[in-house]
Every structure is written in structure tokens, then in C-alpha cells.
Amino acid sequence: MTQPPAITTAHVACIMDGNGRWAKRRGLPRTEGHTAGEEALANVVRVAAKRDIGWLTVFGFSTENWVRPPSEVRHILGLHRKLFGRVEELNANNVRVNWIGRPFDEPGSRTPRAVQQAIAKAIEDTKHNTGMVLTVAFDYGSRVEITRAARRIATDRAPFDLASMTARLYDPSLPPVDLLIRTSGESRISNFLLWQAAAARVYFTDCSWPDFGAPQLDEALSLLTSRRA
Ligand code: FPP
């Protein structure tokens, strides 16, 4: 069977904020907000795969998030395993899983083995898909990524230029971000894809991440179709 042609258009990145406040407003524990956030993400992936989106990159867990209470961290890690386990629907939507973050074998990496395995398995099980690339940033921080790239240039005795830096990011194949979305009323970039999103349009919305769906994604995407420069 011939595969559909690869879509290589917009790169959309999401800072999925507001899970905790969403839960608090409903008198629920924060963990319920994250559970709803994972479901919202699964829905956004399904919707995005049908739009003109070639790359969807989401901020799943930052290098700063480890300081949260251990029970909350455990819960969020479990949700990552749940997301990476959605192989059947990812394959049904022709979505290829990808990951960026501190490499597991490098100093400072804190990704537990179970999450490492879930990431590796999802990448392997979806590697033949030719549609949208879903990149999950886990144990990710942009300044650490950029500093590491600079250090690798020095080690490699490579020229200090834009191409050398880009080639030494966690995933040099990630194209520049066209649209950066942040939910829940915060208008900050929070150390996410600072290099890749240098020329991105930015869409801030008051909508909490668990409530973010097709209408909100389409409104954000209209920023791209209004004028592409
Ligand atoms: C922000 O909510 C979100 C996170 C800390 C990241 C975790 C994201 C999810 C669990 C969504 C599903 C994603 C994956 C990849 C499984 P917050 O706790 O900062 O919300 P608050 O600002 O309202 O407290």
C-alpha cells in the first residue's frame, strides 16, 4: 500500500499551561487537571494531524518541573507513559513520535527508565508514519539545549556560526517554529524553543489547556493564514 505524501508545512509549538488552575476551579486535585490535559493533548494531536500542520511540538515536562511535589511529578510522568502508549491512534492518524530533552546518558538527565522506555517504544512503533511529527519536550529547557550546542561546537572545533549551532541542537531536523501557542493567560515563553521560535508568531489565549480544542487551534492557526512572512 502506498503511503500518503508527507506533510511538511507549519510547525506549531504549544506551552500547555493551566491544568492546575482548571482543576482548582472545579474543586479537584491538580492531578485531575493534568489528566484532563493529557486528554486534551490527545485530541489536539488528532485535530492537528488533519490540518496543515507538519510538526507539533509540545512542552510536556521542563527541567524546572522536577521541583514540583513528588506525587504530582509521578502523576505527570504516568501521563507521559499514557500518551506515548497511544500508538494505535497515533498510527491511525499517521503521526510519528519524536522527543527532545536532556539526553538520557548525559550528566543532569533525570528521566526515569520507565519513561525512557516509553519514549523509545513510541518512537520505534510510529517510525514508519509519514504525516505530522509530534515532538514531546521532556526534561527540556532551551537554555540548557543552547549551552550544550555551544559546548559541542568547542569540543568539535567547529565554526561558531548559525548552521553549526542548529546542527548541535537536540533535534537539528526540527524546522523553525511558525506558531507558538500558550494557554491560560500567561504571556511568557518560559525557556521553550528559544532558538527554534526566533521568528514565530505567538498566540496567547486565556483558555486553559484542558479546554483547548479544535476551535481554539483553528483560531490560533488563522494567525498563519492571515499573512505568512
Ligand atoms: C501546566 O500546568 C502543564 C504542565 C506542568 C506540563 C504537563 C502537561 C500535561 C500533563 C498535559 C499532557 C501532556 C503530556 C505530554 C502527557 P500547570 O500545572 O503549570 O498549571 P497551573 O499553572 O494552572 O498550575
# chains A, B, ... in the order shown; residues from 1 in each chain; ligands from 1
$ closest_atom_pairs --of "chain A" --to "ligand 1" --cutoff "7 Å" --atoms "only C-alpha atoms and all ligand atoms" --output "Markdown table"
| residue | atom | partner | partner_atom_place_in_ligand_line | distance |
| --- | --- | --- | --- | --- |
| A:Met16 | CA | ligand 1 | 3 (C) | 5.2 |
| A:Asp17 | CA | ligand 1 | 1 (C) | 3.8 |
| A:Gly18 | CA | ligand 1 | 23 (O) | 3.2 |
| A:Asn19 | CA | ligand 1 | 20 (O) | 4.0 |
| A:Gly20 | CA | ligand 1 | 23 (O) | 3.6 |
| A:Arg21 | CA | ligand 1 | 23 (O) | 3.6 |
| A:Trp22 | CA | ligand 1 | 23 (O) | 6.3 |
| A:Arg30 | CA | ligand 1 | 18 (O) | 6.9 |
| A:His34 | CA | ligand 1 | 10 (C) | 4.1 |
| A:Thr35 | CA | ligand 1 | 10 (C) | 6.3 |
| A:Gly37 | CA | ligand 1 | 11 (C) | 4.1 |
| A:Glu38 | CA | ligand 1 | 12 (C) | 3.5 |
| A:Leu41 | CA | ligand 1 | 12 (C) | 5.8 |
| A:Val58 | CA | ligand 1 | 15 (C) | 6.8 |
| A:Phe59 | CA | ligand 1 | 6 (C) | 6.6 |
| A:Gly60 | CA | ligand 1 | 15 (C) | 3.9 |
| A:Phe61 | CA | ligand 1 | 6 (C) | 5.2 |
| A:Asn65 | CA | ligand 1 | 5 (C) | 6.6 |
| A:Ile76 | CA | ligand 1 | 10 (C) | 5.1 |
| A:Leu79 | CA | ligand 1 | 16 (C) | 4.6 |
| A:His80 | CA | ligand 1 | 16 (C) | 4.0 |
| A:Leu83 | CA | ligand 1 | 16 (C) | 5.5 |
| A:Val136 | CA | ligand 1 | 15 (C) | 6.1 |
$ residues_around --residues "Ser142 (chain A)" --least-positions-apart "5" --cutoff "10 Å" --atoms "only C-alpha atoms" --output "PyMOL selection string"
chain A and resi 62-63+101+137+147-148+169-170+190-196
$ atom_distance --atom1 "CA of Asp178 (chain A)" --atom2 "CA of Leu90 (chain A)"
22.8 Å
$ atom_distance --atom1 "CA of Asp218 (chain A)" --atom2 "CA of Asn129 (chain A)"
23.8 Å
$ atom_distance --atom1 "CA of Ser208 (chain A)" --atom2 "CA of Ile15 (chain A)"
10.8 Å
$ residues_around --residues "Leu217 (chain A)" --least-positions-apart "6" --cutoff "12 Å" --atoms "only C-alpha atoms" --output "ChimeraX atom specification"
/A:12-14,40-41,43-53,56,179-183,203-205,207,209,211,223-224
$ write_last_selection --atoms "N, CA, C and O atoms" --output "CSV table (one decimal), in the first residue's frame"
chain,number,residue,atom,x,y,z
A,12,VAL,N,3.9,24.0,14.6
A,12,VAL,CA,3.2,24.6,15.7
A,12,VAL,C,3.8,24.1,17.1
A,12,VAL,O,4.0,22.9,17.2
A,13,ALA,N,4.0,25.0,18.0
A,13,ALA,CA,4.5,24.6,19.3
A,13,ALA,C,3.5,25.0,20.4
A,13,ALA,O,2.9,26.1,20.3
A,14,CYS,N,3.4,24.2,21.4
A,14,CYS,CA,2.4,24.5,22.5
A,14,CYS,C,3.0,24.5,23.8
A,14,CYS,O,3.6,23.5,24.2
A,40,ALA,N,-6.8,16.4,26.5
A,40,ALA,CA,-6.8,17.5,25.6
A,40,ALA,C,-5.7,17.4,24.5
A,40,ALA,O,-5.9,17.6,23.3
A,41,LEU,N,-4.5,17.0,25.0
A,41,LEU,CA,-3.4,16.9,24.0
A,41,LEU,C,-3.7,15.8,23.0
A,41,LEU,O,-3.5,16.0,21.8
A,43,ASN,N,-6.5,14.8,21.9
A,43,ASN,CA,-7.5,15.4,21.0
A,43,ASN,C,-6.8,16.4,20.0
A,43,ASN,O,-7.1,16.4,18.8
A,44,VAL,N,-6.0,17.3,20.5
A,44,VAL,CA,-5.3,18.3,19.7
A,44,VAL,C,-4.4,17.5,18.7
A,44,VAL,O,-4.3,18.0,17.5
A,45,VAL,N,-3.8,16.4,19.0
A,45,VAL,CA,-3.0,15.7,18.1
A,45,VAL,C,-3.8,15.2,16.9
A,45,VAL,O,-3.5,15.3,15.8
A,46,ARG,N,-5.0,14.6,17.3
A,46,ARG,CA,-5.9,14.1,16.3
A,46,ARG,C,-6.4,15.2,15.3
A,46,ARG,O,-6.4,15.1,14.1
A,47,VAL,N,-6.7,16.4,15.9
A,47,VAL,CA,-7.2,17.5,15.1
A,47,VAL,C,-6.0,18.1,14.2
A,47,VAL,O,-6.2,18.3,13.0
A,48,ALA,N,-4.9,18.3,14.9
A,48,ALA,CA,-3.7,18.9,14.2
A,48,ALA,C,-3.3,18.0,13.0
A,48,ALA,O,-2.9,18.5,11.9
A,49,ALA,N,-3.4,16.7,13.2
A,49,ALA,CA,-3.0,15.8,12.1
A,49,ALA,C,-3.8,15.9,10.9
A,49,ALA,O,-3.4,15.6,9.8
A,50,LYS,N,-5.0,16.5,11.0
A,50,LYS,CA,-5.9,16.7,9.9
A,50,LYS,C,-5.8,18.1,9.3
A,50,LYS,O,-6.5,18.5,8.3
A,51,ARG,N,-5.1,19.0,10.0
A,51,ARG,CA,-4.9,20.3,9.5
A,51,ARG,C,-3.5,20.4,8.7
A,51,ARG,O,-2.8,19.4,8.6
A,52,ASP,N,-3.2,21.6,8.3
A,52,ASP,CA,-2.0,21.8,7.5
A,52,ASP,C,-0.8,21.9,8.5
A,52,ASP,O,0.0,22.9,8.4
A,53,ILE,N,-0.6,21.0,9.4
A,53,ILE,CA,0.4,21.1,10.4
A,53,ILE,C,1.4,19.9,10.1
A,53,ILE,O,0.9,18.7,10.2
A,56,LEU,N,4.2,19.3,15.3
A,56,LEU,CA,3.6,19.8,16.5
A,56,LEU,C,4.5,19.4,17.6
A,56,LEU,O,4.9,18.3,17.9
A,179,LEU,N,4.4,29.0,14.7
A,179,LEU,CA,3.4,29.5,15.6
A,179,LEU,C,3.6,28.9,17.0
A,179,LEU,O,3.7,27.6,17.1
A,180,LEU,N,3.7,29.7,17.9
A,180,LEU,CA,3.9,29.3,19.3
A,180,LEU,C,2.6,29.7,20.1
A,180,LEU,O,2.2,30.8,20.1
A,181,ILE,N,2.0,28.7,20.7
A,181,ILE,CA,0.7,28.9,21.4
A,181,ILE,C,1.0,28.7,22.9
A,181,ILE,O,1.7,27.7,23.3
A,182,ARG,N,0.5,29.6,23.7
A,182,ARG,CA,0.5,29.4,25.2
A,182,ARG,C,-0.9,29.6,25.8
A,182,ARG,O,-1.5,30.7,25.5
A,183,THR,N,-1.4,28.7,26.5
A,183,THR,CA,-2.7,28.8,27.1
A,183,THR,C,-2.7,29.4,28.5
A,183,THR,O,-1.6,29.6,29.1
A,203,TYR,N,0.8,33.1,20.0
A,203,TYR,CA,-0.7,33.2,20.2
A,203,TYR,C,-0.9,32.9,21.7
A,203,TYR,O,-0.7,31.8,22.2
A,204,PHE,N,-1.3,33.9,22.5
A,204,PHE,CA,-1.6,33.7,23.9
A,204,PHE,C,-3.1,33.7,24.0
A,204,PHE,O,-3.8,34.5,23.4
A,205,THR,N,-3.6,32.8,24.8
A,205,THR,CA,-5.1,32.7,25.0
A,205,THR,C,-5.4,32.5,26.5
A,205,THR,O,-4.6,31.8,27.2
A,207,CYS,N,-7.8,30.7,27.5
A,207,CYS,CA,-8.3,29.3,27.6
A,207,CYS,C,-7.3,28.4,28.3
A,207,CYS,O,-6.1,28.4,28.0
A,209,TRP,N,-5.5,24.9,29.2
A,209,TRP,CA,-5.1,23.8,28.3
A,209,TRP,C,-6.2,22.7,28.3
A,209,TRP,O,-6.5,22.2,27.2
A,211,ASP,N,-9.2,22.8,28.2
A,211,ASP,CA,-10.3,23.3,27.4
A,211,ASP,C,-9.9,23.6,26.0
A,211,ASP,O,-10.7,24.1,25.2
A,223,LEU,N,-3.7,32.9,12.5
A,223,LEU,CA,-2.6,33.9,12.5
A,223,LEU,C,-1.7,33.6,11.4
A,223,LEU,O,-1.0,34.5,10.9
A,224,LEU,N,-1.6,32.3,11.0
A,224,LEU,CA,-0.6,31.9,10.0
A,224,LEU,C,-1.2,32.2,8.6
A,224,LEU,O,-0.5,32.6,7.7
$ select_by_dssp --residues "region 131-169 of chain A" --states "strand (DSSP E)" --output "number ranges by chain"
A: 133-140
$ select_by_dssp --residues "region 24-169 of chain A" --states "alpha helix (DSSP H)" --output "mmCIF file with C-alpha atoms, in the first residue's frame"
data_model
loop_
_atom_site.group_PDB
_atom_site.id
_atom_site.type_symbol
_atom_site.label_atom_id
_atom_site.label_comp_id
_atom_site.auth_asym_id
_atom_site.auth_seq_id
_atom_site.Cartn_x
_atom_site.Cartn_y
_atom_site.Cartn_z
ATOM 1 C CA LYS A 24 -8.770 24.175 41.257
ATOM 2 C CA ARG A 25 -11.761 25.988 39.733
ATOM 3 C CA ARG A 30 -4.209 19.332 40.474
ATOM 4 C CA THR A 31 -3.544 15.824 39.196
ATOM 5 C CA GLU A 32 -7.058 15.740 37.699
ATOM 6 C CA GLY A 33 -6.148 18.845 35.727
ATOM 7 C CA HIS A 34 -3.105 17.096 34.288
ATOM 8 C CA THR A 35 -5.206 14.035 33.435
ATOM 9 C CA ALA A 36 -7.625 16.295 31.551
ATOM 10 C CA GLY A 37 -4.608 17.991 29.969
ATOM 11 C CA GLU A 38 -3.342 14.699 28.568
ATOM 12 C CA GLU A 39 -6.771 14.009 27.073
ATOM 13 C CA ALA A 40 -6.838 17.490 25.557
ATOM 14 C CA LEU A 41 -3.430 16.855 24.034
ATOM 15 C CA ALA A 42 -4.545 13.538 22.523
ATOM 16 C CA ASN A 43 -7.482 15.403 20.971
ATOM 17 C CA VAL A 44 -5.291 18.264 19.694
ATOM 18 C CA VAL A 45 -2.970 15.694 18.078
ATOM 19 C CA ARG A 46 -5.935 14.113 16.253
ATOM 20 C CA VAL A 47 -7.182 17.521 15.083
ATOM 21 C CA ALA A 48 -3.724 18.860 14.163
ATOM 22 C CA ALA A 49 -2.981 15.750 12.105
ATOM 23 C CA PRO A 70 6.848 14.127 44.107
ATOM 24 C CA SER A 71 3.254 12.851 43.855
ATOM 25 C CA GLU A 72 2.470 15.431 41.135
ATOM 26 C CA VAL A 73 5.690 14.610 39.266
ATOM 27 C CA ARG A 74 4.831 10.889 39.434
ATOM 28 C CA HIS A 75 1.373 11.610 38.058
ATOM 29 C CA ILE A 76 2.678 13.723 35.167
ATOM 30 C CA LEU A 77 5.261 11.044 34.327
ATOM 31 C CA GLY A 78 2.481 8.451 34.281
ATOM 32 C CA LEU A 79 0.551 10.642 31.840
ATOM 33 C CA HIS A 80 3.553 10.779 29.543
ATOM 34 C CA ARG A 81 3.616 6.997 29.527
ATOM 35 C CA LYS A 82 -0.110 7.064 28.728
ATOM 36 C CA LEU A 83 0.411 9.468 25.837
ATOM 37 C CA PHE A 84 3.369 7.507 24.447
ATOM 38 C CA VAL A 87 0.309 4.031 19.484
ATOM 39 C CA GLU A 88 -2.823 2.691 17.840
ATOM 40 C CA GLU A 89 -4.409 6.112 17.417
ATOM 41 C CA LEU A 90 -1.099 7.744 16.525
ATOM 42 C CA ASN A 91 -0.664 5.194 13.744
ATOM 43 C CA ALA A 92 -4.282 5.624 12.664
ATOM 44 C CA ARG A 113 13.965 4.424 32.929
ATOM 45 C CA ALA A 114 10.236 3.675 32.520
ATOM 46 C CA VAL A 115 9.726 6.999 30.724
ATOM 47 C CA GLN A 116 12.867 6.458 28.640
ATOM 48 C CA GLN A 117 11.478 3.103 27.554
ATOM 49 C CA ALA A 118 8.031 4.554 26.778
ATOM 50 C CA ILE A 119 9.643 7.265 24.636
ATOM 51 C CA ALA A 120 11.862 4.784 22.784
ATOM 52 C CA LYS A 121 8.956 2.399 22.168
ATOM 53 C CA ALA A 122 6.627 5.128 20.851
ATOM 54 C CA ILE A 123 9.353 6.389 18.508
ATOM 55 C CA GLU A 124 10.000 2.858 17.248
ATOM 56 C CA ASP A 125 6.309 1.951 16.897
ATOM 57 C CA SER A 142 16.014 25.739 25.962
ATOM 58 C CA ARG A 143 18.954 27.468 27.618
ATOM 59 C CA VAL A 144 20.484 24.115 28.584
ATOM 60 C CA GLU A 145 19.980 22.966 24.962
ATOM 61 C CA ILE A 146 21.661 26.078 23.530
ATOM 62 C CA THR A 147 24.530 25.981 26.041
ATOM 63 C CA ARG A 148 25.125 22.314 25.201
ATOM 64 C CA ALA A 149 25.193 23.124 21.467
ATOM 65 C CA ALA A 150 27.807 25.836 22.071
ATOM 66 C CA ARG A 151 29.892 23.460 24.183
ATOM 67 C CA ARG A 152 29.743 20.828 21.436
ATOM 68 C CA ILE A 153 30.970 23.364 18.870
ATOM 69 C CA ALA A 154 34.007 23.995 21.063
ATOM 70 C CA THR A 155 34.638 20.249 21.543
ATOM 71 C CA ASP A 156 34.239 19.593 17.806
ATOM 72 C CA LEU A 162 24.279 29.631 12.915
ATOM 73 C CA ALA A 163 24.481 26.395 10.946
ATOM 74 C CA SER A 164 26.896 24.810 13.437
ATOM 75 C CA MET A 165 24.674 25.767 16.352
ATOM 76 C CA THR A 166 21.492 24.498 14.692
ATOM 77 C CA ALA A 167 23.216 21.220 13.829
#
$ decode --residues "region 61-72 of chain A" --atoms "all heavy atoms" --output "short mmCIF file (atom, residue, chain, number, x, y, z; two decimals), in the first residue's frame"
data_model
loop_
_atom_site.label_atom_id
_atom_site.label_comp_id
_atom_site.auth_asym_id
_atom_site.auth_seq_id
_atom_site.Cartn_x
_atom_site.Cartn_y
_atom_site.Cartn_z
N PHE A 61 7.33 18.44 29.88
CA PHE A 61 7.92 18.50 31.22
C PHE A 61 9.25 19.23 31.10
O PHE A 61 10.13 18.84 30.33
CB PHE A 61 8.14 17.08 31.74
CG PHE A 61 8.34 17.01 33.23
CD1 PHE A 61 7.25 17.04 34.09
CD2 PHE A 61 9.61 16.93 33.76
CE1 PHE A 61 7.43 16.98 35.48
CE2 PHE A 61 9.80 16.87 35.14
CZ PHE A 61 8.71 16.89 35.99
N SER A 62 9.39 20.29 31.89
CA SER A 62 10.60 21.12 31.77
C SER A 62 11.65 20.68 32.79
O SER A 62 11.36 19.97 33.76
CB SER A 62 10.24 22.59 32.01
OG SER A 62 10.01 22.81 33.38
N THR A 63 12.87 21.16 32.57
CA THR A 63 13.95 20.87 33.52
C THR A 63 13.63 21.50 34.88
O THR A 63 14.17 21.09 35.89
CB THR A 63 15.30 21.44 33.00
OG1 THR A 63 15.09 22.79 32.56
CG2 THR A 63 15.81 20.64 31.81
N GLU A 64 12.74 22.50 34.87
CA GLU A 64 12.36 23.16 36.14
C GLU A 64 11.22 22.42 36.85
O GLU A 64 11.01 22.62 38.05
CB GLU A 64 11.90 24.61 35.87
CG GLU A 64 13.02 25.58 35.49
CD GLU A 64 13.44 25.48 34.03
OE1 GLU A 64 12.56 25.17 33.19
OE2 GLU A 64 14.63 25.67 33.73
N ASN A 65 10.49 21.58 36.14
CA ASN A 65 9.30 20.94 36.73
C ASN A 65 9.62 19.88 37.78
O ASN A 65 8.74 19.44 38.52
CB ASN A 65 8.43 20.29 35.63
CG ASN A 65 7.60 21.28 34.84
OD1 ASN A 65 7.26 21.03 33.69
ND2 ASN A 65 7.27 22.42 35.43
N TRP A 66 10.91 19.46 37.88
CA TRP A 66 11.26 18.41 38.85
C TRP A 66 11.05 18.86 40.29
O TRP A 66 10.98 18.03 41.20
CB TRP A 66 12.73 17.98 38.65
CG TRP A 66 12.98 17.29 37.34
CD1 TRP A 66 13.64 17.80 36.27
CD2 TRP A 66 12.56 15.96 36.96
NE1 TRP A 66 13.66 16.88 35.25
CE2 TRP A 66 13.01 15.75 35.64
CE3 TRP A 66 11.85 14.94 37.62
CZ2 TRP A 66 12.78 14.56 34.96
CZ3 TRP A 66 11.61 13.76 36.93
CH2 TRP A 66 12.09 13.57 35.63
N VAL A 67 10.98 20.18 40.53
CA VAL A 67 10.82 20.66 41.92
C VAL A 67 9.37 20.56 42.40
O VAL A 67 9.09 20.82 43.57
CB VAL A 67 11.31 22.12 42.10
CG1 VAL A 67 12.77 22.26 41.72
CG2 VAL A 67 10.45 23.09 41.30
N ARG A 68 8.45 20.18 41.55
CA ARG A 68 7.05 20.03 42.00
C ARG A 68 6.95 18.87 42.99
O ARG A 68 7.83 18.00 43.04
CB ARG A 68 6.16 19.77 40.78
CG ARG A 68 6.09 20.99 39.87
CD ARG A 68 5.02 20.85 38.84
NE ARG A 68 4.96 22.05 38.04
CZ ARG A 68 3.87 22.52 37.45
NH1 ARG A 68 2.73 21.87 37.56
NH2 ARG A 68 3.89 23.61 36.74
N PRO A 69 5.86 18.83 43.78
CA PRO A 69 5.72 17.74 44.75
C PRO A 69 5.86 16.38 44.07
O PRO A 69 5.35 16.18 42.97
CB PRO A 69 4.30 17.93 45.30
CG PRO A 69 3.98 19.37 45.03
CD PRO A 69 4.74 19.77 43.80
N PRO A 70 6.57 15.43 44.74
CA PRO A 70 6.85 14.13 44.11
C PRO A 70 5.59 13.42 43.59
O PRO A 70 5.62 12.81 42.52
CB PRO A 70 7.50 13.31 45.24
CG PRO A 70 8.09 14.34 46.14
CD PRO A 70 7.23 15.56 46.05
N SER A 71 4.47 13.55 44.32
CA SER A 71 3.25 12.85 43.85
C SER A 71 2.75 13.46 42.54
O SER A 71 2.26 12.74 41.66
CB SER A 71 2.16 12.91 44.92
OG SER A 71 1.85 14.26 45.20
N GLU A 72 2.90 14.79 42.39
CA GLU A 72 2.47 15.43 41.13
C GLU A 72 3.41 15.04 39.99
O GLU A 72 2.96 14.75 38.88
CB GLU A 72 2.43 16.96 41.31
CG GLU A 72 1.86 17.65 40.07
CD GLU A 72 1.75 19.18 40.22
OE1 GLU A 72 1.84 19.69 41.36
OE2 GLU A 72 1.57 19.84 39.19
#
